$ cat upload13.txt   # compact mmCIF, C-alpha atoms and all ligand atoms
# COMPACT_ATOMS: atom_id res chain seq x y z
CA MET A 508 98.60 77.20 100.33
CA SER A 509 100.21 79.31 102.97
CA GLY A 510 103.16 80.07 100.78
CA SER A 511 100.99 81.22 97.88
CA GLY A 512 101.91 84.80 97.83
CA GLN A 513 104.44 85.14 100.55
CA GLN A 514 107.70 86.50 99.27
CA GLU A 515 110.70 85.57 101.29
CA ASN A 516 112.86 88.34 102.63
CA SER A 517 115.92 86.60 101.31
CA GLU A 518 114.45 86.76 97.81
CA ARG A 519 113.70 90.43 98.22
CA ASP A 520 117.29 91.40 98.43
CA SER A 521 118.84 89.16 95.85
CA GLY A 522 119.76 92.18 93.74
CA ALA A 523 118.11 93.02 90.44
CA ARG A 524 116.75 89.48 90.19
CA GLY A 525 115.02 89.55 93.57
CA TRP A 526 111.39 90.67 93.58
CA PHE A 527 112.20 94.08 94.98
CA GLY A 528 114.74 94.64 92.21
CA ARG A 529 112.12 93.74 89.59
CA LEU A 530 109.57 95.96 91.29
CA ARG A 531 112.02 98.86 91.34
CA GLN A 532 112.90 98.26 87.71
CA GLY A 533 109.21 98.00 86.80
CA LEU A 534 108.50 101.30 88.51
CA SER A 535 111.44 103.16 87.03
CA LYS A 536 109.25 105.22 84.68
CA THR A 537 107.00 106.26 87.55
CA ARG A 538 110.00 107.06 89.71
CA GLY A 539 111.57 109.16 86.95
CA GLY A 540 108.27 110.74 85.92
CA PHE A 541 105.81 112.35 88.20
CA LEU A 542 107.45 111.23 91.38
CA ALA A 543 110.65 112.98 90.42
CA GLN A 544 108.46 116.10 90.22
CA VAL A 545 106.91 115.40 93.60
CA LYS A 546 110.34 114.92 95.11
CA GLY A 547 111.56 118.12 93.53
CA LEU A 548 108.58 119.99 94.89
CA VAL A 549 108.89 118.78 98.44
CA ALA A 550 112.66 118.97 98.58
CA GLY A 551 112.51 122.24 100.47
CA ARG A 552 109.80 123.71 102.64
CA ILE A 553 106.15 122.90 101.98
CA ASP A 554 104.31 126.22 101.63
CA GLU A 555 101.14 127.44 99.89
CA ASP A 556 102.76 127.51 96.44
CA THR A 557 104.25 124.07 96.86
CA LEU A 558 100.88 122.67 97.87
CA GLU A 559 99.23 124.11 94.79
CA GLU A 560 101.86 122.71 92.49
CA LEU A 561 101.78 119.39 94.31
CA GLU A 562 98.03 119.16 93.82
CA GLU A 563 98.47 119.67 90.10
CA VAL A 564 101.22 117.07 89.79
CA LEU A 565 99.25 114.48 91.75
CA TYR A 566 96.18 115.03 89.60
CA MET A 567 98.26 114.73 86.45
CA ALA A 568 99.59 111.45 87.79
CA ASP A 569 96.10 109.92 87.77
CA MET A 570 96.12 109.37 91.50
CA GLY A 571 92.42 110.17 91.58
CA PRO A 572 90.63 112.96 93.45
CA SER A 573 90.00 111.06 96.69
CA LEU A 574 93.61 110.23 97.39
CA VAL A 575 94.91 113.62 96.24
CA GLU A 576 92.48 115.48 98.51
CA SER A 577 93.22 113.28 101.45
CA LEU A 578 96.99 113.67 101.01
CA LEU A 579 96.79 117.44 100.68
CA GLY A 580 94.38 117.71 103.59
CA LYS A 581 96.84 115.93 105.84
CA LEU A 582 99.74 118.06 104.67
CA LYS A 583 97.75 121.24 105.24
CA ALA A 584 96.76 120.03 108.69
CA GLY A 585 100.47 119.78 109.46
CA GLU A 586 100.64 115.99 109.81
CA GLY A 587 104.20 114.82 110.36
CA ALA A 588 105.44 118.43 110.37
CA GLY A 589 108.56 117.48 112.30
CA SER A 590 110.05 115.24 109.58
CA ASP A 591 111.70 116.28 106.35
CA PRO A 592 109.15 117.01 103.60
CA GLN A 593 109.82 113.92 101.51
CA THR A 594 109.47 111.59 104.47
CA ARG A 595 106.27 113.41 105.34
CA VAL A 596 104.73 112.82 101.93
CA GLN A 597 105.79 109.17 101.98
CA GLU A 598 104.42 108.60 105.47
CA ILE A 599 101.13 110.31 104.66
CA MET A 600 100.78 108.19 101.53
CA ARG A 601 101.41 105.07 103.56
CA SER A 602 98.83 106.03 106.16
CA CYS A 603 96.26 106.78 103.43
CA LEU A 604 96.76 103.28 102.06
CA GLU A 605 96.37 101.76 105.49
CA ASN A 606 93.14 103.69 106.01
CA PRO A 607 91.31 103.73 102.69
CA GLU A 608 88.35 105.97 102.09
CA SER A 609 85.92 103.07 102.30
CA PRO A 610 86.37 99.60 103.77
CA PRO A 611 86.54 96.68 101.31
CA ALA A 612 83.07 95.34 100.59
CA PHE A 613 84.08 91.74 99.89
CA ALA A 614 86.68 89.63 101.60
CA PRO A 615 88.39 86.55 100.12
CA ARG A 616 87.05 83.26 101.47
CA GLU A 617 88.80 80.10 102.54
CA PRO A 618 87.96 76.83 100.80
CA ALA A 619 87.13 73.78 102.91
CA ALA A 620 90.07 71.42 103.37
CA ASP A 621 89.04 69.09 100.55
CA GLU A 622 87.98 71.78 98.11
CA PRO A 623 89.96 73.61 95.46
CA ARG A 624 90.62 77.31 95.90
CA ILE A 625 88.79 78.95 93.01
CA ILE A 626 90.10 82.26 91.75
CA PHE A 627 88.38 84.36 89.07
CA LEU A 628 90.27 86.80 86.87
CA VAL A 629 87.95 89.53 85.57
CA GLY A 630 88.39 92.83 83.77
CA VAL A 631 88.03 94.50 80.39
CA ASN A 632 89.78 93.36 77.23
CA GLY A 633 93.55 93.55 76.97
CA VAL A 634 94.31 94.38 80.60
CA GLY A 635 96.27 91.18 81.25
CA LYS A 636 93.78 88.64 82.66
CA THR A 637 95.06 85.67 80.70
CA THR A 638 98.67 86.60 81.36
CA THR A 639 97.98 86.99 85.07
CA ALA A 640 96.17 83.62 85.17
CA GLY A 641 99.24 82.09 83.50
CA LYS A 642 101.67 83.79 85.86
CA LEU A 643 99.66 82.61 88.88
CA ALA A 644 99.56 79.09 87.45
CA SER A 645 103.34 78.98 87.24
CA ARG A 646 103.75 80.45 90.67
CA TYR A 647 101.41 77.97 92.33
CA SER A 648 102.86 75.07 90.34
CA ALA A 649 106.32 76.06 91.51
CA GLU A 650 104.99 75.70 95.05
CA ASN A 651 104.06 72.11 94.20
CA LEU A 652 100.36 72.80 94.27
CA LYS A 653 98.08 71.04 91.84
CA VAL A 654 96.81 73.80 89.58
CA MET A 655 94.10 73.79 86.94
CA LEU A 656 93.16 76.49 84.46
CA ALA A 657 89.69 77.16 83.06
CA ALA A 658 89.56 78.87 79.65
CA GLY A 659 86.44 80.89 80.38
CA ASP A 660 87.06 83.37 77.55
CA THR A 661 85.34 81.50 74.77
CA PHE A 662 84.68 84.71 72.88
CA ARG A 663 88.14 84.87 71.32
CA ALA A 664 89.93 81.79 69.99
CA ALA A 665 93.29 83.37 70.75
CA ALA A 666 92.48 83.53 74.46
CA GLY A 667 92.21 79.74 74.71
CA GLU A 668 95.46 79.24 72.79
CA GLN A 669 97.28 81.77 74.92
CA LEU A 670 96.10 80.08 78.11
CA THR A 671 97.05 76.66 76.73
CA ALA A 672 100.60 77.92 76.18
CA TRP A 673 100.77 79.01 79.82
CA ALA A 674 99.36 75.65 80.95
CA GLU A 675 102.08 73.83 79.02
CA ARG A 676 104.77 76.08 80.40
CA SER A 677 103.73 75.52 83.98
CA GLY A 678 102.77 71.88 83.48
CA CYS A 679 99.20 72.21 84.65
CA GLU A 680 95.94 70.98 83.25
CA ILE A 681 93.58 73.20 81.29
CA ILE A 682 89.85 72.82 80.70
CA ARG A 683 88.94 74.34 77.38
CA HIS A 684 85.98 74.09 75.01
CA LYS A 685 85.62 75.24 71.42
CA GLU A 686 85.52 78.92 70.52
CA GLY A 687 82.01 80.28 70.91
CA ALA A 688 81.08 77.63 73.50
CA ASP A 689 79.06 78.62 76.54
CA SER A 690 81.55 79.85 79.10
CA SER A 691 79.43 78.64 82.00
CA ALA A 692 79.71 75.13 80.60
CA VAL A 693 83.50 75.49 80.62
CA VAL A 694 83.48 76.71 84.19
CA TYR A 695 81.07 73.98 85.25
CA ASP A 696 83.33 71.30 83.76
CA ALA A 697 86.43 72.90 85.23
CA VAL A 698 85.03 73.06 88.75
CA GLN A 699 83.84 69.45 88.53
CA ALA A 700 87.23 68.35 87.23
CA ALA A 701 89.10 70.31 89.89
CA LYS A 702 87.01 68.65 92.60
CA ALA A 703 87.28 65.19 91.12
CA ARG A 704 91.04 65.40 90.65
CA GLY A 705 91.77 67.01 93.98
CA ALA A 706 93.22 70.22 92.57
CA ASP A 707 94.48 72.78 95.08
CA VAL A 708 93.80 75.80 92.89
CA LEU A 709 91.52 76.49 89.94
CA LEU A 710 92.21 79.70 88.04
CA VAL A 711 89.31 80.90 85.92
CA ASP A 712 90.18 83.16 82.99
CA THR A 713 87.19 85.11 81.69
CA ALA A 714 86.23 87.23 78.70
CA GLY A 715 86.71 90.98 78.76
CA ARG A 716 84.47 91.81 75.86
CA LEU A 717 81.13 90.51 74.75
CA HIS A 718 78.60 92.10 72.44
CA THR A 719 77.68 94.63 75.10
CA LYS A 720 78.98 95.59 78.51
CA HIS A 721 75.67 94.51 80.02
CA ASN A 722 76.13 91.03 78.53
CA LEU A 723 79.61 90.84 79.96
CA MET A 724 78.49 91.69 83.49
CA GLU A 725 75.59 89.25 83.30
CA GLU A 726 77.85 86.50 82.00
CA LEU A 727 80.37 87.03 84.78
CA LYS A 728 77.61 86.96 87.38
CA LYS A 729 76.37 83.72 85.86
CA LEU A 730 79.86 82.19 86.12
CA ARG A 731 79.86 83.09 89.80
CA ARG A 732 76.50 81.43 90.34
CA VAL A 733 77.48 78.26 88.49
CA THR A 734 80.63 78.03 90.58
CA GLY A 735 78.83 78.72 93.84
CA ARG A 736 76.36 75.93 93.13
CA LEU A 737 79.18 73.39 92.93
CA VAL A 738 81.37 74.72 95.75
CA ASP A 739 79.39 76.88 98.11
CA THR A 740 82.30 78.92 99.43
CA ALA A 741 83.46 79.74 95.88
CA PRO A 742 84.70 81.82 94.19
CA HIS A 743 87.22 82.35 96.97
CA GLU A 744 88.87 85.28 95.27
CA VAL A 745 87.73 87.56 92.48
CA LEU A 746 90.67 89.49 91.10
CA LEU A 747 89.95 92.57 89.03
CA VAL A 748 92.78 93.01 86.55
CA LEU A 749 93.57 96.61 85.60
CA ASP A 750 95.98 98.05 83.06
CA ALA A 751 97.99 100.75 84.83
CA THR A 752 98.71 102.46 81.51
CA SER A 753 95.03 103.26 80.98
CA GLY A 754 94.97 106.19 83.39
CA GLN A 755 91.66 107.36 84.79
CA ASN A 756 89.89 104.37 83.22
CA VAL A 757 91.38 102.29 86.01
CA LEU A 758 89.32 104.18 88.55
CA SER A 759 86.10 103.90 86.56
CA GLN A 760 86.61 100.15 86.02
CA VAL A 761 87.04 99.64 89.76
CA ARG A 762 83.82 101.54 90.41
CA GLU A 763 81.95 99.52 87.82
CA PHE A 764 83.25 95.99 88.42
CA GLY A 765 84.07 96.14 92.12
CA PRO A 766 80.62 96.09 93.69
CA ALA A 767 78.86 94.28 90.82
CA LEU A 768 81.15 91.26 90.82
CA GLY A 769 82.23 90.97 94.43
CA VAL A 770 85.84 91.84 93.66
CA THR A 771 88.16 90.87 96.53
CA GLY A 772 91.48 92.08 95.14
CA LEU A 773 93.06 94.23 92.44
CA VAL A 774 95.87 93.35 90.06
CA LEU A 775 97.65 96.31 88.47
CA THR A 776 99.47 95.20 85.32
CA LYS A 777 101.93 96.92 82.97
CA LEU A 778 103.39 99.17 85.63
CA ASP A 779 106.60 98.81 83.65
CA GLY A 780 104.93 100.70 80.81
CA THR A 781 103.76 103.82 82.59
CA ALA A 782 105.08 106.86 84.39
CA LYS A 783 101.77 107.06 86.21
CA GLY A 784 102.02 104.08 88.51
CA GLY A 785 100.40 106.18 91.23
CA VAL A 786 97.04 105.19 89.74
CA ALA A 787 97.44 101.91 91.63
CA LEU A 788 97.38 103.79 94.90
CA GLY A 789 94.36 105.89 93.94
CA ALA A 790 92.39 102.80 92.93
CA THR A 791 92.91 100.98 96.20
CA TYR A 792 92.42 104.10 98.30
CA GLU A 793 89.14 104.99 96.70
CA SER A 794 87.62 101.50 96.63
CA GLY A 795 89.15 100.05 99.76
CA ILE A 796 89.87 96.91 97.70
CA PRO A 797 93.40 95.74 98.43
CA ILE A 798 95.93 95.39 95.64
CA ARG A 799 96.97 91.74 95.57
CA TYR A 800 99.55 91.75 92.80
CA VAL A 801 101.34 94.09 90.44
CA GLY A 802 102.62 93.15 86.99
CA VAL A 803 105.93 94.59 85.90
CA GLY A 804 106.56 92.64 82.69
CA GLU A 805 105.40 89.73 80.58
CA ALA A 806 107.39 86.89 82.13
CA ALA A 807 106.07 84.51 84.77
CA GLU A 808 108.21 86.03 87.52
CA ASP A 809 107.01 89.56 86.71
CA LEU A 810 103.97 89.20 88.95
CA ILE A 811 104.80 90.56 92.36
CA ASP A 812 102.85 90.49 95.62
CA PHE A 813 101.75 93.97 96.50
CA ASP A 814 103.28 95.39 99.61
CA ALA A 815 102.50 99.05 100.31
CA ASP A 816 105.80 99.76 102.04
CA ALA A 817 107.86 98.18 99.28
CA PHE A 818 105.78 99.94 96.61
CA ILE A 819 106.28 103.35 98.16
CA GLU A 820 109.94 102.65 98.73
CA ALA A 821 110.32 101.54 95.11
CA ILE A 822 108.75 104.71 93.72
CA PHE A 823 110.33 107.22 96.10
CA GLY A 824 113.53 105.49 97.06
CA GLY A 825 116.81 106.92 95.81
N1 LIG B 901 104.71 94.96 79.85
C1 LIG B 901 103.73 94.22 80.37
N2 LIG B 901 102.87 93.60 79.56
C2 LIG B 901 101.89 92.87 80.11
C3 LIG B 901 101.74 92.73 81.52
N3 LIG B 901 100.66 91.95 81.74
C4 LIG B 901 100.16 91.62 80.54
N4 LIG B 901 100.88 92.16 79.54
C5 LIG B 901 100.65 92.08 78.07
O1 LIG B 901 99.40 92.69 77.77
C6 LIG B 901 98.82 92.07 76.63
C7 LIG B 901 97.37 91.68 76.93
O2 LIG B 901 97.38 90.67 77.92
P1 LIG B 901 96.26 89.55 78.04
O3 LIG B 901 96.63 88.69 79.18
O4 LIG B 901 96.04 88.88 76.73
O5 LIG B 901 94.98 90.44 78.40
P2 LIG B 901 93.45 89.99 78.57
O6 LIG B 901 92.72 90.40 77.35
O7 LIG B 901 92.94 90.74 79.76
O8 LIG B 901 93.44 88.52 78.80
C8 LIG B 901 99.71 90.89 76.30
O9 LIG B 901 100.54 91.24 75.24
C9 LIG B 901 100.51 90.67 77.57
O10 LIG B 901 101.75 90.08 77.33
C10 LIG B 901 102.69 93.42 82.36
O11 LIG B 901 102.65 93.38 83.60
N5 LIG B 901 103.66 94.14 81.73
MG MG B 902 92.43 87.02 77.80
$ encode --input "upload13.txt" --output "structure tokens"
Amino acid sequence: MSGSGQQENSERDSGARGWFGRLRQGLSKTRGGFLAQVKGLVAGRIDEDTLEELEEVLYMADMGPSLVESLLGKLKAGEGAGSDPQTRVQEIMRSCLENPESPPAFAPREPAADEPRIIFLVGVNGVGKTTTAGKLASRYSAENLKVMLAAGDTFRAAAGEQLTAWAERSGCEIIRHKEGADSSAVVYDAVQAAKARGADVLLVDTAGRLHTKHNLMEELKKLRRVTGRLVDTAPHEVLLVLDATSGQNVLSQVREFGPALGVTGLVLTKLDGTAKGGVALGATYESGIPIRYVGVGEAAEDLIDFDADAFIEAIFGG
């Protein structure tokens, strides 16, 4: 599985079709939106007025209070004062991401050699869980890994159909029950099947809406327990999927789901649809949970490994 998320450098630079080209394209609204303002502001000298305006722009960009305060604090303290202002802001942003406000509470785990890697996709309705599960299935299949999908969202019939379409596209097996079935039964069957058939990866799609939010959380916790009973190191990764176009809600979803569900990584989707892609940075800074992937479109190849340097370069770069 070593190759799972590793993007080759050669792929990076293959023009608009390389992953960096798609990332840049996906972030074009952000680059043209608030970051154009940031660049304009820091083009000259950074003085009191600039700092005030910068604070406003960063807040408007949904970067979240923690990251904004930390950035401004470092600027005020004169960090990187020797470099040109834009480089300073970029460098400070990079160092904030390397040193988040809090350390991550949960780390991904490694499966034993003969066990499947089990990855949960969680998050509220419509953020892109099913799509991300499908994109990951095609990516892993392309690496010649044996992939299975579990249709854990039994609440909506469409979710199962959507996941089936992805399974067909990537040629992997899907475990799916009828609409309204108990999702822990689906997950139980899927984990058993993945073990029995020697799958390398099992991707578990889950529901984002139940009758109440409390029910949703309890159900997701139950899925974790069921899985852990069958494979004690599992789930190996819990990915919280977040819709970058939903602004400040991103930060509140991270606060709510992160600790309750043992989230090990964030996926920021729909960056192609927002000028406020900076929310991704605020979410990871505040929670300490690393961003694993970003989504910049609906196609299978529009899921890109997160790399802080590349991300910052793609939003600031000329
Ligand atoms: N533009 C864009 N659309 C996306 C992205 N990820 C998901 N979507 C779309 O968002 C909608 C909801 O996605 P879905 O996977 O069904 O969300 P779920 O309810 O969390 O499972 C679908 O129309 C997806 O095609 C992305 O990165 N970019
Ligand atoms: Mg879904």
$ closest_residue --input "upload13.txt" --among "A:Thr639, A:Val708, A:Ala649, A:Ala614" --to "Tyr800 of chain A" --atoms "all atoms listed in the file"
A:Thr639
$ residues_near_ligand --input "upload13.txt" --ligand "ligand MG 902 (chain B)" --cutoff "10 Å" --atoms "all atoms listed in the file" --output "VMD selection string"
chain A and resid 628 to 640 658 to 670 712 to 716
$ residues_around --input "upload13.txt" --residues "His721 of chain A" --least-positions-apart "5" --cutoff "12 Å" --atoms "only C-alpha atoms" --output "ChimeraX atom specification"
/A:715-716,726-728,763-764,767
$ closest_residue --input "upload13.txt" --among "A:Leu652, A:Leu534, A:Val575, A:Ala588" --to "Asp554 of chain A" --atoms "all atoms listed in the file"
A:Ala588
$ atom_distance --input "upload13.txt" --atom1 "atom CA of Leu749 of chain A" --atom2 "atom CA of Asp696 of chain A"
27.4 Å
$ residues_around --input "upload13.txt" --residues "Lys777 of chain A" --least-positions-apart "2" --cutoff "9 Å" --atoms "all atoms listed in the file" --output "number ranges by chain"
A: 533, 634-635, 749-752, 775, 779-781, 801-805
$ closest_residue --input "upload13.txt" --among "A:Leu717, A:Leu788, A:Leu709, A:Ile798" --to "Gly571 of chain A" --atoms "all atoms listed in the file"
A:Leu788
$ axis_aligned_box --input "upload13.txt" --around "ligand LIG 901 (chain B)" --padding-each-side "3 Å" --output "JSON"
{"center_x": 98.7, "center_y": 91.7, "center_z": 79.4, "size_x": 18.0, "size_y": 12.4, "size_z": 14.4}
$ atom_distance --input "upload13.txt" --atom1 "atom CA of Val770 of chain A" --atom2 "atom CA of Gln597 of chain A"
27.7 Å
$ residues_around --input "upload13.txt" --residues "Pro615 of chain A" --least-positions-apart "6" --cutoff "8 Å" --atoms "all atoms listed in the file" --output "PyMOL selection string"
chain A and resi 743-745+771
$ closest_residue --input "upload13.txt" --among "A:Asn606, A:Gln755, A:Gln593, A:Ser690" --to "Pro572 of chain A" --atoms "all atoms listed in the file"
A:Gln755
$ residues_around --input "upload13.txt" --residues "Ala700 of chain A" --least-positions-apart "5" --cutoff "10 Å" --atoms "all atoms listed in the file" --output "ChimeraX atom specification"
/A:655,680-682,694-695,705-706,709
$ atom_distance --input "upload13.txt" --atom1 "atom CA of Arg529 of chain A" --atom2 "atom CA of Ala821 of chain A"
9.7 Å
$ closest_residue --input "upload13.txt" --among "A:Ile796, A:Ile599, A:Leu582, A:Leu530" --to "ligand LIG 901 (chain B)" --atoms "all atoms listed in the file"
A:Leu530
$ residues_around --input "upload13.txt" --residues "Gly587 of chain A" --least-positions-apart "5" --cutoff "9 Å" --atoms "all atoms listed in the file" --output "VMD selection string"
chain A and resid 581 to 582 592 594 to 596 598 to 599
$ closest_residue --input "upload13.txt" --among "A:Ser759, A:Ser691, A:Ser753, A:Gln699" --to "ligand LIG 901 (chain B)" --atoms "only C-alpha atoms and all ligand atoms"
A:Ser753
$ build_atoms --input "upload13.txt" --residues "segment 545-555 of chain A" --atoms "all heavy atoms" --output "PDB file, in the coordinates of the input"
ATOM      1  N   VAL A 545     107.357 115.283  92.205  1.00  0.00           N
ATOM      2  CA  VAL A 545     106.910 115.400  93.600  1.00  0.00           C
ATOM      3  C   VAL A 545     108.121 115.603  94.510  1.00  0.00           C
ATOM      4  O   VAL A 545     108.129 116.486  95.375  1.00  0.00           O
ATOM      5  CB  VAL A 545     106.120 114.150  94.042  1.00  0.00           C
ATOM      6  CG1 VAL A 545     105.831 114.179  95.535  1.00  0.00           C
ATOM      7  CG2 VAL A 545     104.828 114.038  93.260  1.00  0.00           C
ATOM      8  N   LYS A 546     109.146 114.807  94.272  1.00  0.00           N
ATOM      9  CA  LYS A 546     110.340 114.920  95.110  1.00  0.00           C
ATOM     10  C   LYS A 546     110.962 116.295  94.987  1.00  0.00           C
ATOM     11  O   LYS A 546     111.372 116.893  95.981  1.00  0.00           O
ATOM     12  CB  LYS A 546     111.368 113.842  94.719  1.00  0.00           C
ATOM     13  CG  LYS A 546     111.069 112.500  95.327  1.00  0.00           C
ATOM     14  CD  LYS A 546     111.997 111.433  94.814  1.00  0.00           C
ATOM     15  CE  LYS A 546     113.283 111.376  95.613  1.00  0.00           C
ATOM     16  NZ  LYS A 546     114.044 110.144  95.291  1.00  0.00           N
ATOM     17  N   GLY A 547     111.007 116.788  93.756  1.00  0.00           N
ATOM     18  CA  GLY A 547     111.560 118.120  93.530  1.00  0.00           C
ATOM     19  C   GLY A 547     110.777 119.170  94.299  1.00  0.00           C
ATOM     20  O   GLY A 547     111.336 120.045  94.961  1.00  0.00           O
ATOM     21  N   LEU A 548     109.444 119.001  94.240  1.00  0.00           N
ATOM     22  CA  LEU A 548     108.580 119.990  94.890  1.00  0.00           C
ATOM     23  C   LEU A 548     108.729 120.001  96.403  1.00  0.00           C
ATOM     24  O   LEU A 548     108.675 121.051  97.038  1.00  0.00           O
ATOM     25  CB  LEU A 548     107.112 119.692  94.554  1.00  0.00           C
ATOM     26  CG  LEU A 548     106.599 120.225  93.229  1.00  0.00           C
ATOM     27  CD1 LEU A 548     105.194 119.717  92.981  1.00  0.00           C
ATOM     28  CD2 LEU A 548     106.594 121.758  93.262  1.00  0.00           C
ATOM     29  N   VAL A 549     108.864 118.833  96.971  1.00  0.00           N
ATOM     30  CA  VAL A 549     108.890 118.780  98.440  1.00  0.00           C
ATOM     31  C   VAL A 549     110.323 118.722  98.991  1.00  0.00           C
ATOM     32  O   VAL A 549     110.524 118.423 100.153  1.00  0.00           O
ATOM     33  CB  VAL A 549     108.051 117.608  99.001  1.00  0.00           C
ATOM     34  CG1 VAL A 549     106.594 117.760  98.596  1.00  0.00           C
ATOM     35  CG2 VAL A 549     108.615 116.273  98.549  1.00  0.00           C
ATOM     36  N   ALA A 550     111.271 119.029  98.126  1.00  0.00           N
ATOM     37  CA  ALA A 550     112.660 118.970  98.580  1.00  0.00           C
ATOM     38  C   ALA A 550     112.940 120.041  99.647  1.00  0.00           C
ATOM     39  O   ALA A 550     113.713 119.836 100.575  1.00  0.00           O
ATOM     40  CB  ALA A 550     113.620 119.137  97.413  1.00  0.00           C
ATOM     41  N   GLY A 551     112.277 121.179  99.487  1.00  0.00           N
ATOM     42  CA  GLY A 551     112.510 122.240 100.470  1.00  0.00           C
ATOM     43  C   GLY A 551     111.385 122.326 101.478  1.00  0.00           C
ATOM     44  O   GLY A 551     110.957 121.300 102.007  1.00  0.00           O
ATOM     45  N   ARG A 552     110.890 123.516 101.708  1.00  0.00           N
ATOM     46  CA  ARG A 552     109.800 123.710 102.640  1.00  0.00           C
ATOM     47  C   ARG A 552     108.475 123.513 101.916  1.00  0.00           C
ATOM     48  O   ARG A 552     108.375 123.775 100.727  1.00  0.00           O
ATOM     49  CB  ARG A 552     109.854 125.144 103.173  1.00  0.00           C
ATOM     50  CG  ARG A 552     109.979 125.266 104.677  1.00  0.00           C
ATOM     51  CD  ARG A 552     110.366 126.689 105.049  1.00  0.00           C
ATOM     52  NE  ARG A 552     109.578 127.687 104.313  1.00  0.00           N
ATOM     53  CZ  ARG A 552     108.368 128.103 104.684  1.00  0.00           C
ATOM     54  NH1 ARG A 552     107.797 127.625 105.761  1.00  0.00           N
ATOM     55  NH2 ARG A 552     107.725 129.016 103.985  1.00  0.00           N
ATOM     56  N   ILE A 553     107.451 123.014 102.626  1.00  0.00           N
ATOM     57  CA  ILE A 553     106.150 122.900 101.980  1.00  0.00           C
ATOM     58  C   ILE A 553     105.316 124.127 102.349  1.00  0.00           C
ATOM     59  O   ILE A 553     104.895 124.279 103.482  1.00  0.00           O
ATOM     60  CB  ILE A 553     105.423 121.595 102.415  1.00  0.00           C
ATOM     61  CG1 ILE A 553     106.270 120.385 101.999  1.00  0.00           C
ATOM     62  CG2 ILE A 553     104.047 121.511 101.789  1.00  0.00           C
ATOM     63  CD1 ILE A 553     105.669 119.042 102.328  1.00  0.00           C
ATOM     64  N   ASP A 554     105.128 125.022 101.369  1.00  0.00           N
ATOM     65  CA  ASP A 554     104.310 126.220 101.630  1.00  0.00           C
ATOM     66  C   ASP A 554     103.093 126.223 100.695  1.00  0.00           C
ATOM     67  O   ASP A 554     102.852 125.267  99.967  1.00  0.00           O
ATOM     68  CB  ASP A 554     105.163 127.486 101.462  1.00  0.00           C
ATOM     69  CG  ASP A 554     105.824 127.541 100.084  1.00  0.00           C
ATOM     70  OD1 ASP A 554     105.318 126.855  99.159  1.00  0.00           O
ATOM     71  OD2 ASP A 554     106.838 128.247  99.929  1.00  0.00           O
ATOM     72  N   GLU A 555     102.361 127.327 100.710  1.00  0.00           N
ATOM     73  CA  GLU A 555     101.140 127.440  99.890  1.00  0.00           C
ATOM     74  C   GLU A 555     101.398 127.107  98.410  1.00  0.00           C
ATOM     75  O   GLU A 555     100.676 126.324  97.808  1.00  0.00           O
ATOM     76  CB  GLU A 555     100.594 128.882  99.977  1.00  0.00           C
ATOM     77  CG  GLU A 555      99.668 129.115 101.154  1.00  0.00           C
ATOM     78  CD  GLU A 555      98.438 128.208 101.124  1.00  0.00           C
ATOM     79  OE1 GLU A 555      97.729 128.213 100.098  1.00  0.00           O
ATOM     80  OE2 GLU A 555      98.211 127.479 102.111  1.00  0.00           O
TER      81      GLU A 555
END
